[in-house]
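The data block below is entry-v4.cif; it holds mmCIF, N, CA and C atoms; chains and numbers go by the auth columns.
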data_run
loop_
_atom_site.group_PDB
_atom_site.id
_atom_site.type_symbol
_atom_site.label_atom_id
_atom_site.label_comp_id
_atom_site.label_asym_id
_atom_site.label_seq_id
_atom_site.Cartn_x
_atom_site.Cartn_y
_atom_site.Cartn_z
_atom_site.B_iso_or_equiv
_atom_site.auth_seq_id
_atom_site.auth_asym_id
ATOM 1 N N MET A 1 -43.640 48.588 -71.385 0.00 640 A
ATOM 2 C CA MET A 1 -42.812 49.470 -70.595 0.00 640 A
ATOM 3 C C MET A 1 -43.657 50.549 -69.910 0.00 640 A
ATOM 4 N N THR A 2 -44.596 51.085 -70.659 0.00 641 A
ATOM 5 C CA THR A 2 -45.447 52.124 -70.095 0.00 641 A
ATOM 6 C C THR A 2 -46.258 51.583 -68.939 0.00 641 A
ATOM 7 N N ASP A 3 -46.744 50.334 -69.074 0.00 642 A
ATOM 8 C CA ASP A 3 -47.526 49.735 -67.995 0.00 642 A
ATOM 9 C C ASP A 3 -46.698 49.586 -66.726 0.00 642 A
ATOM 10 N N ASN A 4 -45.424 49.214 -66.875 0.00 643 A
ATOM 11 C CA ASN A 4 -44.562 49.081 -65.700 0.00 643 A
ATOM 12 C C ASN A 4 -44.333 50.426 -65.026 0.00 643 A
ATOM 13 N N ASN A 5 -44.157 51.468 -65.833 0.00 644 A
ATOM 14 C CA ASN A 5 -43.992 52.809 -65.275 0.00 644 A
ATOM 15 C C ASN A 5 -45.259 53.249 -64.566 0.00 644 A
ATOM 16 N N GLU A 6 -46.403 52.955 -65.174 0.00 645 A
ATOM 17 C CA GLU A 6 -47.695 53.308 -64.577 0.00 645 A
ATOM 18 C C GLU A 6 -47.884 52.563 -63.259 0.00 645 A
ATOM 19 N N TYR A 7 -47.530 51.282 -63.246 0.00 646 A
ATOM 20 C CA TYR A 7 -47.672 50.469 -62.036 0.00 646 A
ATOM 21 C C TYR A 7 -46.779 51.006 -60.919 0.00 646 A
ATOM 22 N N THR A 8 -45.560 51.390 -61.262 0.00 647 A
ATOM 23 C CA THR A 8 -44.634 51.957 -60.276 0.00 647 A
ATOM 24 C C THR A 8 -45.184 53.265 -59.718 0.00 647 A
ATOM 25 N N ARG A 9 -45.735 54.102 -60.592 0.00 648 A
ATOM 26 C CA ARG A 9 -46.315 55.366 -60.147 0.00 648 A
ATOM 27 C C ARG A 9 -47.504 55.118 -59.215 0.00 648 A
ATOM 28 N N LEU A 10 -48.306 54.118 -59.537 0.00 649 A
ATOM 29 C CA LEU A 10 -49.454 53.796 -58.687 0.00 649 A
ATOM 30 C C LEU A 10 -49.001 53.287 -57.317 0.00 649 A
ATOM 31 N N LYS A 11 -47.909 52.515 -57.281 0.00 650 A
ATOM 32 C CA LYS A 11 -47.398 52.036 -55.996 0.00 650 A
ATOM 33 C C LYS A 11 -46.943 53.209 -55.126 0.00 650 A
ATOM 34 N N ILE A 12 -46.311 54.193 -55.745 0.00 651 A
ATOM 35 C CA ILE A 12 -45.875 55.383 -55.014 0.00 651 A
ATOM 36 C C ILE A 12 -47.086 56.167 -54.516 0.00 651 A
ATOM 37 N N ASP A 13 -48.080 56.338 -55.400 0.00 652 A
ATOM 38 C CA ASP A 13 -49.309 57.044 -55.010 0.00 652 A
ATOM 39 C C ASP A 13 -50.017 56.330 -53.869 0.00 652 A
ATOM 40 N N LEU A 14 -50.027 54.999 -53.909 0.00 653 A
ATOM 41 C CA LEU A 14 -50.674 54.208 -52.857 0.00 653 A
ATOM 42 C C LEU A 14 -49.961 54.414 -51.522 0.00 653 A
ATOM 43 N N ALA A 15 -48.645 54.372 -51.546 0.00 654 A
ATOM 44 C CA ALA A 15 -47.879 54.574 -50.310 0.00 654 A
ATOM 45 C C ALA A 15 -48.133 55.965 -49.737 0.00 654 A
ATOM 46 N N LEU A 16 -48.191 56.968 -50.603 0.00 655 A
ATOM 47 C CA LEU A 16 -48.453 58.335 -50.149 0.00 655 A
ATOM 48 C C LEU A 16 -49.856 58.466 -49.564 0.00 655 A
ATOM 49 N N ALA A 17 -50.840 57.871 -50.216 0.00 656 A
ATOM 50 C CA ALA A 17 -52.218 57.941 -49.723 0.00 656 A
ATOM 51 C C ALA A 17 -52.352 57.241 -48.375 0.00 656 A
ATOM 52 N N ILE A 18 -51.681 56.114 -48.219 0.00 657 A
ATOM 53 C CA ILE A 18 -51.728 55.391 -46.936 0.00 657 A
ATOM 54 C C ILE A 18 -51.081 56.239 -45.844 0.00 657 A
ATOM 55 N N GLU A 19 -49.953 56.865 -46.167 0.00 658 A
ATOM 56 C CA GLU A 19 -49.269 57.728 -45.194 0.00 658 A
ATOM 57 C C GLU A 19 -50.156 58.915 -44.794 0.00 658 A
ATOM 58 N N LYS A 20 -50.778 59.547 -45.775 0.00 659 A
ATOM 59 C CA LYS A 20 -51.656 60.683 -45.490 0.00 659 A
ATOM 60 C C LYS A 20 -52.878 60.245 -44.686 0.00 659 A
ATOM 61 N N ARG A 21 -53.398 59.049 -44.971 0.00 660 A
ATOM 62 C CA ARG A 21 -54.545 58.524 -44.225 0.00 660 A
ATOM 63 C C ARG A 21 -54.176 58.314 -42.764 0.00 660 A
ATOM 64 N N GLU A 22 -52.996 57.755 -42.522 0.00 661 A
ATOM 65 C CA GLU A 22 -52.541 57.538 -41.151 0.00 661 A
ATOM 66 C C GLU A 22 -52.376 58.870 -40.410 0.00 661 A
ATOM 67 N N GLU A 23 -51.886 59.872 -41.119 0.00 662 A
ATOM 68 C CA GLU A 23 -51.735 61.193 -40.516 0.00 662 A
ATOM 69 C C GLU A 23 -53.107 61.785 -40.172 0.00 662 A
ATOM 70 N N ALA A 24 -54.072 61.606 -41.057 0.00 663 A
ATOM 71 C CA ALA A 24 -55.429 62.110 -40.800 0.00 663 A
ATOM 72 C C ALA A 24 -56.051 61.402 -39.597 0.00 663 A
ATOM 73 N N ILE A 25 -55.794 60.102 -39.465 0.00 664 A
ATOM 74 C CA ILE A 25 -56.298 59.359 -38.298 0.00 664 A
ATOM 75 C C ILE A 25 -55.667 59.914 -37.031 0.00 664 A
ATOM 76 N N LYS A 26 -54.361 60.158 -37.093 0.00 665 A
ATOM 77 C CA LYS A 26 -53.629 60.665 -35.935 0.00 665 A
ATOM 78 C C LYS A 26 -54.223 61.971 -35.420 0.00 665 A
ATOM 79 N N TYR A 27 -54.617 62.840 -36.343 0.00 666 A
ATOM 80 C CA TYR A 27 -55.141 64.148 -35.960 0.00 666 A
ATOM 81 C C TYR A 27 -56.667 64.184 -35.874 0.00 666 A
ATOM 82 N N GLY A 28 -57.311 63.039 -36.075 0.00 667 A
ATOM 83 C CA GLY A 28 -58.757 62.955 -35.917 0.00 667 A
ATOM 84 C C GLY A 28 -59.545 63.649 -37.009 0.00 667 A
ATOM 85 N N ASN A 29 -58.966 63.781 -38.176 0.00 668 A
ATOM 86 C CA ASN A 29 -59.652 64.431 -39.294 0.00 668 A
ATOM 87 C C ASN A 29 -60.336 63.346 -40.136 0.00 668 A
ATOM 88 N N TYR A 30 -61.509 62.935 -39.690 0.00 669 A
ATOM 89 C CA TYR A 30 -62.151 61.768 -40.261 0.00 669 A
ATOM 90 C C TYR A 30 -62.731 62.000 -41.653 0.00 669 A
ATOM 91 N N GLY A 31 -62.983 63.243 -42.017 0.00 670 A
ATOM 92 C CA GLY A 31 -63.395 63.531 -43.389 0.00 670 A
ATOM 93 C C GLY A 31 -62.286 63.199 -44.362 0.00 670 A
ATOM 94 N N ASP A 32 -61.056 63.570 -44.004 0.00 671 A
ATOM 95 C CA ASP A 32 -59.905 63.238 -44.852 0.00 671 A
ATOM 96 C C ASP A 32 -59.649 61.739 -44.864 0.00 671 A
ATOM 97 N N VAL A 33 -59.882 61.063 -43.739 0.00 672 A
ATOM 98 C CA VAL A 33 -59.692 59.608 -43.689 0.00 672 A
ATOM 99 C C VAL A 33 -60.584 58.947 -44.734 0.00 672 A
ATOM 100 N N MET A 34 -61.823 59.381 -44.797 0.00 673 A
ATOM 101 C CA MET A 34 -62.749 58.795 -45.779 0.00 673 A
ATOM 102 C C MET A 34 -62.290 59.093 -47.201 0.00 673 A
ATOM 103 N N ASP A 35 -61.780 60.300 -47.434 0.00 674 A
ATOM 104 C CA ASP A 35 -61.287 60.659 -48.758 0.00 674 A
ATOM 105 C C ASP A 35 -60.084 59.802 -49.137 0.00 674 A
ATOM 106 N N TYR A 36 -59.169 59.616 -48.206 0.00 675 A
ATOM 107 C CA TYR A 36 -57.995 58.788 -48.507 0.00 675 A
ATOM 108 C C TYR A 36 -58.372 57.324 -48.661 0.00 675 A
ATOM 109 N N ASP A 37 -59.374 56.842 -47.925 0.00 676 A
ATOM 110 C CA ASP A 37 -59.864 55.472 -48.129 0.00 676 A
ATOM 111 C C ASP A 37 -60.356 55.311 -49.564 0.00 676 A
ATOM 112 N N TRP A 38 -61.087 56.314 -50.043 0.00 677 A
ATOM 113 C CA TRP A 38 -61.594 56.280 -51.410 0.00 677 A
ATOM 114 C C TRP A 38 -60.435 56.270 -52.413 0.00 677 A
ATOM 115 N N GLN A 39 -59.435 57.129 -52.184 0.00 678 A
ATOM 116 C CA GLN A 39 -58.279 57.178 -53.082 0.00 678 A
ATOM 117 C C GLN A 39 -57.529 55.854 -53.092 0.00 678 A
ATOM 118 N N ILE A 40 -57.351 55.251 -51.920 0.00 679 A
ATOM 119 C CA ILE A 40 -56.644 53.977 -51.814 0.00 679 A
ATOM 120 C C ILE A 40 -57.387 52.904 -52.598 0.00 679 A
ATOM 121 N N ASP A 41 -58.701 52.866 -52.463 0.00 680 A
ATOM 122 C CA ASP A 41 -59.492 51.887 -53.211 0.00 680 A
ATOM 123 C C ASP A 41 -59.354 52.083 -54.714 0.00 680 A
ATOM 124 N N ARG A 42 -59.404 53.337 -55.175 0.00 681 A
ATOM 125 C CA ARG A 42 -59.272 53.619 -56.605 0.00 681 A
ATOM 126 C C ARG A 42 -57.892 53.199 -57.124 0.00 681 A
ATOM 127 N N ILE A 43 -56.855 53.493 -56.367 0.00 682 A
ATOM 128 C CA ILE A 43 -55.501 53.128 -56.786 0.00 682 A
ATOM 129 C C ILE A 43 -55.372 51.612 -56.869 0.00 682 A
ATOM 130 N N LYS A 44 -55.913 50.896 -55.875 0.00 683 A
ATOM 131 C CA LYS A 44 -55.848 49.438 -55.890 0.00 683 A
ATOM 132 C C LYS A 44 -56.608 48.866 -57.083 0.00 683 A
ATOM 133 N N GLN A 45 -57.734 49.473 -57.442 0.00 684 A
ATOM 134 C CA GLN A 45 -58.487 49.013 -58.610 0.00 684 A
ATOM 135 C C GLN A 45 -57.674 49.195 -59.885 0.00 684 A
ATOM 136 N N LYS A 46 -57.016 50.339 -60.009 0.00 685 A
ATOM 137 C CA LYS A 46 -56.181 50.591 -61.188 0.00 685 A
ATOM 138 C C LYS A 46 -55.017 49.606 -61.251 0.00 685 A
ATOM 139 N N MET A 47 -54.410 49.311 -60.103 0.00 686 A
ATOM 140 C CA MET A 47 -53.307 48.356 -60.053 0.00 686 A
ATOM 141 C C MET A 47 -53.790 46.966 -60.453 0.00 686 A
ATOM 142 N N ASP A 48 -54.969 46.580 -59.992 0.00 687 A
ATOM 143 C CA ASP A 48 -55.529 45.273 -60.347 0.00 687 A
ATOM 144 C C ASP A 48 -55.769 45.173 -61.856 0.00 687 A
ATOM 145 N N ARG A 49 -56.281 46.242 -62.455 0.00 688 A
ATOM 146 C CA ARG A 49 -56.518 46.231 -63.907 0.00 688 A
ATOM 147 C C ARG A 49 -55.213 46.092 -64.666 0.00 688 A
ATOM 148 N N LEU A 50 -54.168 46.790 -64.202 0.00 689 A
ATOM 149 C CA LEU A 50 -52.865 46.667 -64.871 0.00 689 A
ATOM 150 C C LEU A 50 -52.315 45.248 -64.726 0.00 689 A
ATOM 151 N N GLU A 51 -52.489 44.655 -63.549 0.00 690 A
ATOM 152 C CA GLU A 51 -52.024 43.282 -63.345 0.00 690 A
ATOM 153 C C GLU A 51 -52.751 42.309 -64.268 0.00 690 A
ATOM 154 N N GLN A 52 -54.042 42.532 -64.457 0.00 691 A
ATOM 155 C CA GLN A 52 -54.819 41.660 -65.332 0.00 691 A
ATOM 156 C C GLN A 52 -54.375 41.791 -66.786 0.00 691 A
ATOM 157 N N ARG A 53 -53.917 42.984 -67.165 0.00 692 A
ATOM 158 C CA ARG A 53 -53.419 43.183 -68.530 0.00 692 A
ATOM 159 C C ARG A 53 -52.011 42.616 -68.697 0.00 692 A
ATOM 160 N N GLY A 54 -51.379 42.246 -67.588 0.00 693 A
ATOM 161 C CA GLY A 54 -50.064 41.636 -67.661 0.00 693 A
ATOM 162 C C GLY A 54 -48.919 42.603 -67.490 0.00 693 A
ATOM 163 N N ALA A 55 -49.104 43.622 -66.683 0.00 694 A
ATOM 164 C CA ALA A 55 -48.045 44.619 -66.492 0.00 694 A
ATOM 165 C C ALA A 55 -46.876 44.057 -65.730 0.00 694 A
#

As structure tokens, how would this structure be written, given the file I've shared?
Amino acid sequence: MTDNNEYTRLKIDLALAIEKREEAIKYGNYGDVMDYDWQIDRIKQKMDRLEQRGA
């Protein structure tokens, strides 16, 4: 159950990071774009690990 809650939270975090990244692109703030790219990659890695554990 905890894994499912964690996975749901990560999906929400991923959607927020993607939205913020798009906003940073829109305003030309490329330092933030790189930061959000890093966050998106980390979230995807965590989601992959949960999937491998069978969440």

Need to verify the contact set: Val672 in chain A, 7 Å, all atoms listed in the file, exclusion of same-chain residues closer than 3 positions in sequence. Can you return it as a short mmCIF file (atom, residue, chain, number, x, y, z; two decimals) with N, CA and C atoms, in the frame of the given file?
data_model
loop_
_atom_site.label_atom_id
_atom_site.label_comp_id
_atom_site.auth_asym_id
_atom_site.auth_seq_id
_atom_site.Cartn_x
_atom_site.Cartn_y
_atom_site.Cartn_z
N LYS A 659 -50.78 59.55 -45.78
CA LYS A 659 -51.66 60.68 -45.49
C LYS A 659 -52.88 60.24 -44.69
N ARG A 660 -53.40 59.05 -44.97
CA ARG A 660 -54.54 58.52 -44.22
C ARG A 660 -54.18 58.31 -42.76
N ALA A 663 -54.07 61.61 -41.06
CA ALA A 663 -55.43 62.11 -40.80
C ALA A 663 -56.05 61.40 -39.60
N ILE A 664 -55.79 60.10 -39.47
CA ILE A 664 -56.30 59.36 -38.30
C ILE A 664 -55.67 59.91 -37.03
N ASN A 668 -58.97 63.78 -38.18
CA ASN A 668 -59.65 64.43 -39.29
C ASN A 668 -60.34 63.35 -40.14
N TYR A 669 -61.51 62.94 -39.69
CA TYR A 669 -62.15 61.77 -40.26
C TYR A 669 -62.73 62.00 -41.65
N TYR A 675 -59.17 59.62 -48.21
CA TYR A 675 -58.00 58.79 -48.51
C TYR A 675 -58.37 57.32 -48.66
N ASP A 676 -59.37 56.84 -47.92
CA ASP A 676 -59.86 55.47 -48.13
C ASP A 676 -60.36 55.31 -49.56
N TRP A 677 -61.09 56.31 -50.04
CA TRP A 677 -61.59 56.28 -51.41
C TRP A 677 -60.44 56.27 -52.41
#

- [ ] Have a look at CA of Leu653 in chain A and CA of Glu690 in chain A and let me know their distance in Å, one decimal.
- [x]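 These two atoms are separated by 15.2 Å.
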
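Pairwise distance (CA of Ile657 in chain A, CA of Ile682 in chain A) equals 10.8 Å.
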
Open item on the list: I want to know what sits within 8 Å of Glu645 in chain A, based on all atoms listed in the file, with residues of the same chain fewer than 6 positions away left out; could you give that as a PyMOL selection string?
Closed with: chain A and resi 651+685-686+689

Those same residues, written as a CSV table (one decimal), in the frame of the given file with N, CA and C atoms?
chain,number,residue,atom,x,y,z
A,651,ILE,N,-46.3,54.2,-55.7
A,651,ILE,CA,-45.9,55.4,-55.0
A,651,ILE,C,-47.1,56.2,-54.5
A,685,LYS,N,-57.0,50.3,-60.0
A,685,LYS,CA,-56.2,50.6,-61.2
A,685,LYS,C,-55.0,49.6,-61.3
A,686,MET,N,-54.4,49.3,-60.1
A,686,MET,CA,-53.3,48.4,-60.1
A,686,MET,C,-53.8,47.0,-60.5
A,689,LEU,N,-54.2,46.8,-64.2
A,689,LEU,CA,-52.9,46.7,-64.9
A,689,LEU,C,-52.3,45.2,-64.7
